>>> print(open('data-v1.txt').read())   # compact mmCIF, C-alpha atoms
# COMPACT_ATOMS: atom_id res chain seq x y z
CA MET A 1 -21.88 -13.97 0.67
CA SER A 2 -24.27 -12.77 -2.00
CA ALA A 3 -23.47 -9.71 -4.07
CA SER A 4 -26.57 -7.92 -2.80
CA LYS A 5 -25.46 -8.45 0.80
CA ALA A 6 -21.94 -7.26 -0.01
CA GLU A 7 -23.36 -4.09 -1.52
CA ARG A 8 -24.70 -3.10 1.87
CA LEU A 9 -21.30 -3.35 3.55
CA ALA A 10 -18.95 -0.43 4.12
CA ASP A 11 -15.51 -0.66 2.51
CA GLU A 12 -13.90 -1.43 5.85
CA GLU A 13 -16.29 -4.37 6.24
CA LEU A 14 -15.60 -5.60 2.71
CA MET A 15 -11.85 -5.87 3.24
CA PRO A 16 -11.92 -8.86 5.63
CA ARG A 17 -14.28 -10.58 3.17
CA ILE A 18 -11.84 -9.93 0.37
CA GLY A 19 -9.10 -11.29 2.63
CA GLU A 20 -11.18 -14.46 2.89
CA LYS A 21 -11.27 -14.63 -0.91
CA ASP A 22 -14.92 -13.68 -1.37
CA PRO A 23 -15.27 -12.71 -5.05
CA ASP A 24 -18.65 -11.02 -4.51
CA ALA A 25 -17.10 -8.67 -1.96
CA PHE A 26 -14.29 -7.91 -4.39
CA GLU A 27 -16.75 -7.23 -7.20
CA VAL A 28 -18.58 -4.66 -5.08
CA PHE A 29 -15.24 -3.10 -4.11
CA TYR A 30 -14.20 -2.81 -7.76
CA ASP A 31 -17.54 -1.37 -8.80
CA ARG A 32 -17.21 1.30 -6.11
CA HIS A 33 -13.62 2.32 -6.77
CA GLY A 34 -12.57 0.96 -10.16
CA GLY A 35 -13.59 4.18 -11.87
CA VAL A 36 -11.48 6.55 -9.80
CA ALA A 37 -8.60 4.06 -9.79
CA TYR A 38 -8.57 3.84 -13.57
CA SER A 39 -8.98 7.61 -13.86
CA LEU A 40 -5.98 8.20 -11.58
CA ALA A 41 -3.88 5.65 -13.46
CA TYR A 42 -4.86 7.27 -16.77
CA ARG A 43 -4.06 10.74 -15.42
CA ILE A 44 -0.55 9.55 -14.49
CA VAL A 45 0.41 7.24 -17.35
CA GLY A 46 -1.56 9.03 -20.09
CA GLU A 47 -2.47 5.91 -22.08
CA ARG A 48 -5.53 3.76 -21.80
CA GLY A 49 -3.69 0.46 -22.27
CA ALA A 50 -1.11 1.26 -19.62
CA ALA A 51 -3.84 2.59 -17.31
CA GLU A 52 -5.68 -0.72 -17.67
CA ASP A 53 -2.55 -2.67 -16.81
CA VAL A 54 -1.89 -0.53 -13.75
CA THR A 55 -5.48 -0.79 -12.53
CA GLN A 56 -5.56 -4.54 -13.04
CA GLU A 57 -2.25 -5.05 -11.21
CA ALA A 58 -3.36 -2.84 -8.34
CA PHE A 59 -6.71 -4.57 -7.85
CA ILE A 60 -5.21 -8.05 -8.10
CA SER A 61 -2.67 -6.99 -5.51
CA ILE A 62 -5.53 -5.86 -3.26
CA TRP A 63 -7.42 -9.10 -3.90
CA ARG A 64 -4.39 -11.11 -2.87
CA SER A 65 -3.51 -9.01 0.14
CA GLY A 66 -6.84 -7.53 1.22
CA ALA A 67 -6.33 -8.74 4.75
CA ARG A 68 -3.30 -6.47 5.00
CA TYR A 69 -5.38 -3.31 4.98
CA ASP A 70 -4.75 -1.36 8.16
CA THR A 71 -7.56 0.88 9.36
CA ALA A 72 -5.03 3.10 11.14
CA ARG A 73 -3.71 4.21 7.75
CA GLY A 74 -6.89 5.95 6.67
CA SER A 75 -9.83 4.96 4.51
CA VAL A 76 -9.80 1.95 2.24
CA ARG A 77 -10.23 4.26 -0.73
CA THR A 78 -7.16 6.32 0.24
CA TRP A 79 -5.15 3.13 0.73
CA MET A 80 -6.30 1.77 -2.63
CA LEU A 81 -5.50 5.03 -4.44
CA GLY A 82 -2.03 5.01 -2.89
CA ILE A 83 -1.41 1.57 -4.35
CA VAL A 84 -2.66 2.68 -7.76
CA ARG A 85 -0.55 5.83 -7.67
CA ASN A 86 2.63 3.93 -6.74
CA ARG A 87 2.14 1.40 -9.53
CA ALA A 88 1.28 4.08 -12.07
CA ILE A 89 4.38 6.08 -11.17
CA ASP A 90 6.51 2.95 -11.48
CA ALA A 91 5.00 2.26 -14.92
CA LEU A 92 5.55 5.85 -15.97
CA ARG A 93 9.17 5.90 -14.89
CA SER A 94 9.87 2.52 -16.40
CA LYS A 95 8.40 3.62 -19.73
CA ALA A 96 10.35 6.85 -19.70
CA GLY A 97 13.58 5.00 -18.94
CA ARG A 98 13.83 6.88 -15.67
CA ALA A 99 15.35 5.14 -12.71
CA PRO A 100 12.80 3.74 -10.30
CA LYS A 101 11.56 6.56 -8.20
CA LEU A 102 12.87 5.13 -4.94
CA ASP A 103 9.70 6.50 -3.57
CA PHE A 104 9.03 5.57 0.00
CA ASP A 105 7.39 4.80 0.33
CA ASP A 106 3.82 4.55 -5.31
CA ASP A 107 -16.05 10.13 -22.98
CA SER A 108 -17.39 8.05 -20.16
CA ILE A 109 -20.40 5.81 -19.82
CA LEU A 110 -20.75 7.30 -16.37
CA GLU A 111 -21.20 10.73 -17.86
CA HIS A 112 -24.12 9.42 -19.87
CA ARG A 113 -25.89 7.79 -17.00
CA PRO A 114 -29.02 9.51 -15.77
CA ALA A 115 -28.28 11.44 -12.61
CA GLU A 116 -30.61 9.33 -10.50
CA GLU A 117 -28.42 6.27 -11.10
CA LEU A 118 -25.59 7.83 -9.17
CA THR A 119 -25.51 6.86 -5.56
CA ASP A 120 -25.29 9.59 -2.97
CA SER A 121 -21.65 8.80 -2.27
CA GLU A 122 -20.72 8.87 -5.95
CA ALA A 123 -22.44 12.20 -6.34
CA LEU A 124 -20.66 13.46 -3.23
CA ARG A 125 -17.30 12.29 -4.52
CA ARG A 126 -17.83 13.94 -7.85
CA GLU A 127 -18.64 17.13 -6.01
CA THR A 128 -15.47 16.70 -3.95
CA ALA A 129 -13.48 16.13 -7.14
CA LYS A 130 -14.85 19.37 -8.52
CA GLU A 131 -13.93 21.23 -5.35
CA VAL A 132 -10.39 19.85 -5.29
CA ARG A 133 -9.93 20.71 -8.96
CA GLY A 134 -11.19 24.18 -8.16
CA ALA A 135 -8.76 24.49 -5.25
CA LEU A 136 -5.89 23.36 -7.50
CA ASP A 137 -6.93 25.86 -10.15
CA GLU A 138 -6.91 28.62 -7.57
CA LEU A 139 -3.29 27.96 -6.65
CA PRO A 140 -0.55 30.16 -8.07
CA GLY A 141 0.93 28.33 -11.07
CA GLU A 142 4.29 27.81 -9.39
CA GLN A 143 2.63 25.94 -6.52
CA SER A 144 0.28 23.79 -8.59
CA LYS A 145 3.17 22.90 -10.87
CA VAL A 146 5.37 21.44 -8.15
CA ILE A 147 2.42 19.55 -6.68
CA GLU A 148 1.47 18.09 -10.05
CA LEU A 149 5.07 17.17 -10.92
CA ALA A 150 5.46 15.40 -7.59
CA TYR A 151 2.11 13.68 -7.17
CA PHE A 152 1.13 12.94 -10.76
CA GLY A 153 4.60 12.95 -12.32
CA GLY A 154 6.44 10.99 -9.66
CA PHE A 155 9.37 13.40 -9.55
CA SER A 156 11.32 13.91 -6.34
CA HIS A 157 11.72 17.39 -4.93
CA SER A 158 15.38 17.37 -6.00
CA GLU A 159 14.43 16.44 -9.56
CA ILE A 160 11.81 19.18 -9.64
CA ALA A 161 14.31 21.75 -8.38
CA GLY A 162 16.65 20.72 -11.19
CA MET A 163 13.91 20.83 -13.82
CA LEU A 164 12.68 24.26 -12.77
CA GLY A 165 16.12 25.66 -12.01
CA VAL A 166 15.12 26.81 -8.53
CA PRO A 167 16.64 26.02 -5.12
CA LEU A 168 15.41 22.90 -3.33
CA GLY A 169 14.14 25.02 -0.47
CA THR A 170 11.94 26.94 -2.88
CA VAL A 171 10.37 23.72 -4.14
CA LYS A 172 9.71 22.52 -0.59
CA GLY A 173 8.18 25.88 0.27
CA ARG A 174 5.90 25.86 -2.78
CA MET A 175 4.73 22.35 -1.94
CA ARG A 176 3.92 23.33 1.61
CA LEU A 177 2.13 26.53 0.62
CA GLY A 178 0.18 24.68 -2.05
CA LEU A 179 -1.06 22.01 0.35
CA GLU A 180 -1.83 24.71 2.94
CA LYS A 181 -4.02 26.53 0.45
CA ILE A 182 -5.80 23.41 -0.76
CA ARG A 183 -6.49 22.56 2.85
CA GLY A 184 -7.73 26.06 3.48
CA GLU A 185 -10.01 26.00 0.43
CA LEU A 186 -11.50 22.70 1.47
CA ALA A 187 -11.48 23.35 5.20
CA GLU A 188 -15.22 22.96 5.58
CA GLY A 189 -15.27 19.66 3.79
CA LEU A 190 -12.26 18.32 5.63
CA THR A 191 -13.38 18.91 9.16
CA MET B 1 17.80 17.07 17.50
CA SER B 2 18.74 20.68 16.93
CA ALA B 3 16.32 23.47 16.05
CA THR B 4 17.86 23.57 12.58
CA ASP B 5 17.21 19.88 12.06
CA HIS B 6 13.65 20.35 13.26
CA GLU B 7 13.09 23.17 10.76
CA ARG B 8 14.56 21.14 7.92
CA HIS B 9 12.33 18.19 8.68
CA SER B 10 9.32 20.41 9.16
CA ASP B 11 9.93 21.91 5.71
CA GLU B 12 9.89 18.44 4.17
CA ILE B 13 6.49 17.34 5.45
CA ALA B 14 4.59 18.50 2.35
CA ALA B 15 7.12 16.84 0.03
CA TYR B 16 6.77 13.66 2.09
CA LEU B 17 2.99 13.69 1.72
CA LEU B 18 3.38 14.20 -2.03
CA GLY B 19 5.73 11.21 -2.27
CA ALA B 20 8.54 13.52 -3.37
CA LEU B 21 11.24 12.55 -0.86
CA GLU B 22 13.96 10.07 -1.65
CA PRO B 23 13.71 6.97 0.56
CA GLY B 24 16.61 7.95 2.79
CA GLU B 25 15.07 11.37 3.35
CA ALA B 26 11.66 9.83 4.05
CA ALA B 27 13.12 7.38 6.55
CA GLU B 28 14.97 10.20 8.29
CA LEU B 29 11.82 12.29 8.45
CA GLU B 30 9.88 9.35 9.87
CA ARG B 31 12.44 8.94 12.62
CA HIS B 32 12.07 12.64 13.40
CA LEU B 33 8.27 12.39 13.33
CA ALA B 34 8.38 9.58 15.88
CA GLY B 35 9.84 12.00 18.42
CA CYS B 36 8.35 15.34 17.38
CA GLU B 37 4.73 16.01 18.22
CA GLU B 38 4.78 19.38 16.49
CA CYS B 39 5.74 17.80 13.17
CA ARG B 40 3.23 14.99 13.62
CA THR B 41 0.52 17.57 14.13
CA GLU B 42 1.62 19.38 10.98
CA LEU B 43 1.65 16.09 9.07
CA GLU B 44 -1.90 15.28 10.11
CA ARG B 45 -3.02 18.84 9.34
CA LEU B 46 -1.77 18.71 5.75
CA ARG B 47 -2.47 15.03 5.07
CA PRO B 48 -6.14 15.47 4.04
CA ALA B 49 -5.14 17.93 1.31
CA ALA B 50 -2.65 15.47 -0.15
CA GLN B 51 -5.09 12.58 0.17
CA LEU B 52 -7.69 14.44 -1.84
CA LEU B 53 -5.40 15.01 -4.83
CA PRO B 54 -6.30 11.72 -6.55
CA GLU B 55 -9.96 12.66 -6.22
CA SER B 56 -9.33 15.69 -8.39
CA VAL B 57 -8.71 13.74 -11.57
CA GLU B 58 -11.20 13.90 -14.41
CA ARG B 59 -13.22 10.70 -14.40
CA VAL B 60 -12.55 8.33 -17.26
CA GLU B 61 -14.71 5.23 -17.48
CA PRO B 62 -12.64 2.03 -17.38
CA PRO B 63 -13.33 -0.43 -20.20
CA ARG B 64 -15.84 -3.16 -19.39
CA GLU B 65 -13.31 -5.78 -20.50
CA LEU B 66 -11.08 -4.80 -17.58
CA ARG B 67 -13.81 -5.69 -15.10
CA GLY B 68 -14.42 -8.95 -16.93
CA ARG B 69 -10.75 -9.92 -16.90
CA LEU B 70 -10.37 -9.04 -13.23
CA MET B 71 -13.43 -10.97 -12.13
CA ASP B 72 -12.43 -14.02 -14.20
CA GLN B 73 -9.05 -14.09 -12.47
CA VAL B 74 -10.53 -13.42 -9.05
CA ARG B 75 -13.19 -16.14 -9.33
CA THR B 76 -10.60 -18.65 -10.54
CA GLU B 77 -8.30 -17.85 -7.63
CA ALA B 78 -11.23 -17.97 -5.17
CA GLU B 79 -12.17 -21.45 -6.38
CA THR B 80 -8.57 -22.62 -6.06
CA ALA B 81 -8.34 -21.20 -2.55
CA GLN B 82 -11.60 -22.84 -1.55
CA ALA B 83 -10.49 -26.20 -2.92
CA SER B 84 -7.20 -25.86 -1.08
CA ARG B 85 -8.95 -25.07 2.18
CA ARG B 86 -11.23 -28.06 1.76
CA ARG B 87 -8.27 -30.35 1.13
CA ARG B 88 -6.42 -29.14 4.16
CA GLY B 89 -9.42 -28.99 6.46
CA TRP B 90 -8.60 -25.43 7.40
CA HIS B 91 -10.90 -22.51 7.58
CA ILE B 92 -8.92 -19.33 7.06
CA GLY B 93 -11.86 -17.19 8.13
CA SER B 94 -11.72 -18.40 11.69
CA TRP B 95 -7.97 -19.02 11.60
CA SER B 96 -8.40 -22.24 13.50
CA LEU B 97 -5.27 -23.87 14.85
CA ARG B 98 -4.42 -27.52 14.96
CA PRO B 99 -2.02 -28.89 17.52
CA VAL B 100 1.37 -30.15 16.42
CA ALA B 101 2.21 -33.06 18.65
CA GLY B 102 5.54 -33.04 20.44
CA LEU B 103 6.44 -29.47 19.65
CA ALA B 104 6.88 -26.75 22.17
CA ALA B 105 4.71 -24.22 20.41
CA LEU B 106 1.85 -23.94 18.05
CA VAL B 107 2.70 -22.09 14.91
CA LEU B 108 0.30 -20.88 12.30
CA VAL B 109 1.76 -20.03 8.98
CA VAL B 110 -0.43 -18.38 6.42
CA ALA B 111 0.63 -17.87 2.86
CA ALA B 112 -1.92 -15.28 1.89
CA ALA B 113 -1.11 -15.39 -1.80
CA ALA B 114 -2.22 -18.95 -2.12
CA ALA B 115 -4.72 -18.66 0.71
CA TYR B 116 -3.68 -21.81 2.41
CA ALA B 117 -1.98 -22.61 5.63
CA ILE B 118 0.63 -25.03 6.84
CA GLY B 119 1.15 -26.08 10.43
CA ASN B 120 4.73 -26.37 11.56
CA GLY B 121 6.84 -26.38 14.64
CA GLY B 122 8.97 -24.28 16.89
CA SER B 123 11.52 -24.85 19.60
CA ASP B 124 12.83 -22.96 22.56
CA GLU B 125 16.53 -23.30 23.17
CA GLY B 126 18.82 -21.15 25.24
CA GLY B 127 16.49 -18.15 25.35
CA ALA B 128 16.05 -18.04 21.59
CA THR B 129 12.86 -19.07 19.86
CA THR B 130 13.29 -20.57 16.45
CA VAL B 131 10.44 -21.03 14.03
CA VAL B 132 11.03 -22.86 10.81
CA THR B 133 8.43 -22.80 8.08
CA GLY B 134 8.09 -23.81 4.49
CA HIS B 135 6.44 -21.87 1.70
CA PRO B 136 6.00 -23.14 -1.82
CA PRO B 137 7.59 -23.05 -4.23
CA GLY B 138 10.37 -24.10 -1.92
CA VAL B 139 10.98 -20.88 -0.01
CA THR B 140 11.92 -21.61 3.58
CA ALA B 141 11.86 -19.17 6.45
CA GLU B 142 13.60 -19.44 9.78
CA MET B 143 12.76 -16.88 12.42
CA ILE B 144 15.16 -16.70 15.33
CA ARG B 145 14.06 -14.54 18.18
CA GLN B 146 16.44 -13.44 20.85
CA GLY B 147 15.26 -11.04 23.47
CA GLU B 148 13.56 -8.01 21.92
CA SER B 149 14.91 -8.53 18.42
CA GLY B 150 14.63 -11.26 15.84
CA THR B 151 16.29 -12.35 12.65
CA LEU B 152 14.48 -13.82 9.70
CA HIS B 153 16.53 -16.12 7.48
CA LEU B 154 15.06 -16.97 4.08
CA ALA B 155 16.26 -19.47 1.51
CA ASN B 156 15.35 -20.58 -2.02
CA LEU B 157 14.16 -17.11 -2.97
CA HIS B 158 13.88 -16.15 -6.59
CA GLN B 159 15.89 -13.13 -7.70
CA LEU B 160 13.81 -9.95 -7.88
CA PRO B 161 13.47 -7.53 -10.78
CA ARG B 162 15.94 -4.65 -10.46
CA ASP B 163 13.22 -2.26 -9.38
CA GLU B 164 11.98 -4.37 -6.47
CA VAL B 165 13.17 -5.07 -2.97
CA LEU B 166 11.98 -7.27 -0.14
CA GLN B 167 10.36 -5.46 2.74
CA ALA B 168 9.69 -6.88 6.19
CA TRP B 169 6.45 -6.14 8.04
CA VAL B 170 5.29 -6.90 11.53
CA GLN B 171 1.77 -7.35 12.79
CA ARG B 172 0.79 -6.24 16.27
CA GLY B 173 -2.86 -6.86 17.02
CA LYS B 174 -4.66 -5.79 13.87
CA ARG B 175 -1.97 -3.33 12.76
CA VAL B 176 0.57 -4.21 10.12
CA VAL B 177 3.52 -1.81 9.98
CA SER B 178 6.83 -1.74 8.20
CA ALA B 179 9.70 -3.20 10.17
CA LYS B 180 11.80 -0.59 8.37
CA THR B 181 13.86 -3.38 6.87
CA LEU B 182 14.53 -3.50 3.13
CA PHE B 183 16.70 -6.23 1.69
CA VAL B 184 17.38 -8.24 -1.45
CA PRO B 185 18.13 -11.94 -1.97
CA ASN B 186 21.78 -12.99 -2.12
CA PRO B 187 22.90 -14.64 -5.37
CA ASP B 188 22.34 -18.06 -3.76
CA GLY B 189 18.70 -17.24 -2.96
CA THR B 190 19.19 -16.64 0.75
CA ALA B 191 18.41 -13.44 2.60
CA SER B 192 18.28 -12.23 6.17
CA ALA B 193 16.41 -9.42 7.84
CA THR B 194 16.69 -8.18 11.38
CA ILE B 195 13.59 -7.03 13.19
CA ASP B 196 14.72 -4.71 15.96
CA ASP B 197 11.56 -4.67 18.03
CA MET B 198 9.66 -7.93 18.29
CA ASP B 199 7.63 -6.81 21.28
CA GLY B 200 3.98 -7.75 20.77
CA VAL B 201 4.58 -9.01 17.24
CA SER B 202 2.21 -11.78 16.26
CA THR B 203 3.30 -12.20 12.64
CA VAL B 204 6.33 -11.30 10.55
CA MET B 205 5.76 -10.95 6.82
CA VAL B 206 7.85 -10.24 3.78
CA THR B 207 6.55 -8.73 0.55
CA ALA B 208 8.17 -7.61 -2.69
CA GLU B 209 7.86 -3.83 -3.01
CA PRO B 210 9.09 -1.12 -5.37
CA ARG B 211 12.64 0.01 -4.59
CA GLY B 212 12.64 2.28 -1.61
CA GLY B 213 9.86 0.32 0.01
CA SER B 214 6.23 1.12 0.59
CA VAL B 215 4.24 2.63 3.41
CA GLN B 216 1.90 -0.34 3.29
CA PRO B 217 2.23 -3.74 1.67
CA THR B 218 1.28 -3.55 -1.99
CA SER B 219 1.62 -7.24 -2.79
CA ALA B 220 0.81 -10.55 -1.19
CA PRO B 221 3.32 -11.84 1.34
CA ILE B 222 6.02 -14.13 0.04
CA VAL B 223 6.46 -15.35 3.57
CA SER B 224 4.29 -14.98 6.63
CA VAL B 225 5.50 -16.38 9.94
CA ALA B 226 3.31 -16.49 13.02
CA ILE B 227 5.29 -15.89 16.19
CA PRO B 228 4.46 -18.07 19.18
CA GLN B 229 3.34 -15.80 22.02
>>> encode(input="data-v1.txt", output="structure tokens")
Amino acid sequence: MSASKAERLADEELMPRIGEKDPDAFEVFYDRHGGVAYSLAYRIVGERGAAEDVTQEAFISIWRSGARYDTARGSVRTWMLGIVRNRAIDALRSKAGRAPKLDFDDDSILEHRPAEELTDSEALRRETAKEVRGALDELPGEQSKVIELAYFGGFSHSEIAGMLGVPLGTVKGRMRLGLEKIRGELAEGLT
Amino acid sequence: MSATDHERHSDEIAAYLLGALEPGEAAELERHLAGCEECRTELERLRPAAQLLPESVERVEPPRELRGRLMDQVRTEAETAQASRRRRGWHIGSWSLRPVAGLAALVLVVAAAAAYAIGNGGSDEGGATTVVTGHPPGVTAEMIRQGESGTLHLANLHQLPRDEVLQAWVQRGKRVVSAKTLFVPNPDGTASATIDDMDGVSTVMVTAEPRGGSVQPTSAPIVSVAIPQ
């Protein structure tokens, strides 16, 4: 399949092509999501070199197992970001000499592009990113902290309770309240 | 399940969505979720908030070299896969089957990592179905099905890094789900995994995953065994 044809396909349509080892489909997939994947990896591991390694490993894993994507698990982008997050957390814990998480489950050129080069969906996603950041900023510090430590730091709720010196139940409660509020803030966009 | 247990599990849903439960806790919660509609509703209500967290990160442009390296590797692997398909006369896209003369069943074995397929055989004896397959570099898989359950016996496995485990997956229709079976190779390279519910399973797969397992496969299958229907 040509790259121009692949560009017209939705992510869910690209995945079977990737499963059939179509490099053009993979290229389109990377161009759509490589930026957010690298950004997430960088946010978690904090180093460009390590973020590159994580992103490369995650995308090669997707290339080799693209056919394993399950539509029942949500969007392709959510699935892909879950893979990136898991690998980034593993890299982070390995570097820090922390035991593997046992998680169940783990300056830009773009900024300088003229606005008209952004596709509608990119623009929409950047707007979403702004809204989610806003919702996180609106949270009481104690709630945003436990969410950040868990999601971006890879710490378990027990570890967070130990770090903050608060009961486990308090950590669970702050996590739940935090997600409730983010959901509330974004309710219009989520429904 | 007592009311207290329900409350405890309900309190853990946000931590679960944030990946903050230990694997035992997550598995326990998943068992509870399977039988508790109220908790499933709560899970689905909060899930979008958790799923949007990665979208909140400040965008950092990946280096162009990363794209170049990825595409070089991908194009090389695509060419290898294509050459392999040509040699074997298989077309993975249509998943065509070829008959195996003299055998009771047709078995399709796909090693997704190498994107090639090997035909092999099966037998039906005494109510148990046995499928034996071979996967380079020398890994063999024997799937023995008895009634509703099945046991996968692997041999010639390499030892895994300390932070990885093997995880079994089953495919029903288009859905691939965890068989909730984590295991590691024995020192002699063998391993076994029991799949409790084989009902409707068309393929059993094994991948290497981070310790504690994954919600979805994050690497190519080491072994993929098609189950004769």
>>> atom_distance(input="data-v1.txt", atom1="atom CA of B:Arg47", atom2="atom CA of B:Val60")
25.4 Å
>>> closest_residue(input="data-v1.txt", among="B:Leu21, B:Val170, B:Ala78, B:Ala193", to="B:Leu152", atoms="only C-alpha atoms")
B:Ala193
>>> atom_distance(input="data-v1.txt", atom1="atom CA of B:Pro210", atom2="atom CA of B:Ala14")
21.6 Å
>>> interface_residues(input="data-v1.txt", of="chain B", to="chain A", cutoff="8 Å", atoms="only C-alpha atoms", output="ChimeraX atom specification")
/B:11-15,18-23,26-27,46,48-62,66-67,70-71,74-75,78,81,92-93,112-113,115,163,174-176,210-215,217-221
>>> write_last_selection(input="data-v1.txt", atoms="C-alpha atoms", output="tab-separated table (two decimals), keeping the file's coordinate frame")
chain	number	residue	atom	x	y	z
B	11	ASP	CA	9.93	21.91	5.71
B	12	GLU	CA	9.89	18.44	4.17
B	13	ILE	CA	6.49	17.34	5.45
B	14	ALA	CA	4.59	18.50	2.35
B	15	ALA	CA	7.12	16.84	0.03
B	18	LEU	CA	3.38	14.20	-2.03
B	19	GLY	CA	5.73	11.21	-2.27
B	20	ALA	CA	8.54	13.52	-3.37
B	21	LEU	CA	11.24	12.55	-0.86
B	22	GLU	CA	13.96	10.07	-1.65
B	23	PRO	CA	13.71	6.97	0.56
B	26	ALA	CA	11.66	9.83	4.05
B	27	ALA	CA	13.12	7.38	6.55
B	46	LEU	CA	-1.77	18.71	5.75
B	48	PRO	CA	-6.14	15.47	4.04
B	49	ALA	CA	-5.14	17.93	1.31
B	50	ALA	CA	-2.65	15.47	-0.15
B	51	GLN	CA	-5.09	12.58	0.17
B	52	LEU	CA	-7.69	14.44	-1.84
B	53	LEU	CA	-5.40	15.01	-4.83
B	54	PRO	CA	-6.30	11.72	-6.55
B	55	GLU	CA	-9.96	12.66	-6.22
B	56	SER	CA	-9.33	15.69	-8.39
B	57	VAL	CA	-8.71	13.74	-11.57
B	58	GLU	CA	-11.20	13.90	-14.41
B	59	ARG	CA	-13.22	10.70	-14.40
B	60	VAL	CA	-12.55	8.33	-17.26
B	61	GLU	CA	-14.71	5.23	-17.48
B	62	PRO	CA	-12.64	2.03	-17.38
B	66	LEU	CA	-11.08	-4.80	-17.58
B	67	ARG	CA	-13.81	-5.69	-15.10
B	70	LEU	CA	-10.37	-9.04	-13.23
B	71	MET	CA	-13.43	-10.97	-12.13
B	74	VAL	CA	-10.53	-13.42	-9.05
B	75	ARG	CA	-13.19	-16.14	-9.33
B	78	ALA	CA	-11.23	-17.97	-5.17
B	81	ALA	CA	-8.34	-21.20	-2.55
B	92	ILE	CA	-8.92	-19.33	7.06
B	93	GLY	CA	-11.86	-17.19	8.13
B	112	ALA	CA	-1.92	-15.28	1.89
B	113	ALA	CA	-1.11	-15.39	-1.80
B	115	ALA	CA	-4.72	-18.66	0.71
B	163	ASP	CA	13.22	-2.26	-9.38
B	174	LYS	CA	-4.66	-5.79	13.87
B	175	ARG	CA	-1.97	-3.33	12.76
B	176	VAL	CA	0.57	-4.21	10.12
B	210	PRO	CA	9.09	-1.12	-5.37
B	211	ARG	CA	12.64	0.01	-4.59
B	212	GLY	CA	12.64	2.28	-1.61
B	213	GLY	CA	9.86	0.32	0.01
B	214	SER	CA	6.23	1.12	0.59
B	215	VAL	CA	4.24	2.63	3.41
B	217	PRO	CA	2.23	-3.74	1.67
B	218	THR	CA	1.28	-3.55	-1.99
B	219	SER	CA	1.62	-7.24	-2.79
B	220	ALA	CA	0.81	-10.55	-1.19
B	221	PRO	CA	3.32	-11.84	1.34
>>> axis_aligned_box(input="data-v1.txt", around="stretch 168-183 of chain B", padding_each_side="8 Å", output="JSON")
{"center_x": 6.0, "center_y": -4.0, "center_z": 9.4, "size_x": 37.4, "size_y": 22.8, "size_z": 31.3}
>>> residues_near_point(input="data-v1.txt", point="(11.2, -0.4, 15.0)", cutoff="6 Å", atoms="all atoms listed in the file", output="VMD selection string")
chain B and resid 179 196 to 197
>>> write_last_selection(input="data-v1.txt", atoms="C-alpha atoms", output="tab-separated table (two decimals), keeping the file's coordinate frame")
chain	number	residue	atom	x	y	z
B	179	ALA	CA	9.70	-3.20	10.17
B	196	ASP	CA	14.72	-4.71	15.96
B	197	ASP	CA	11.56	-4.67	18.03
>>> atom_distance(input="data-v1.txt", atom1="atom CA of B:His153", atom2="atom CA of B:Leu29")
28.8 Å
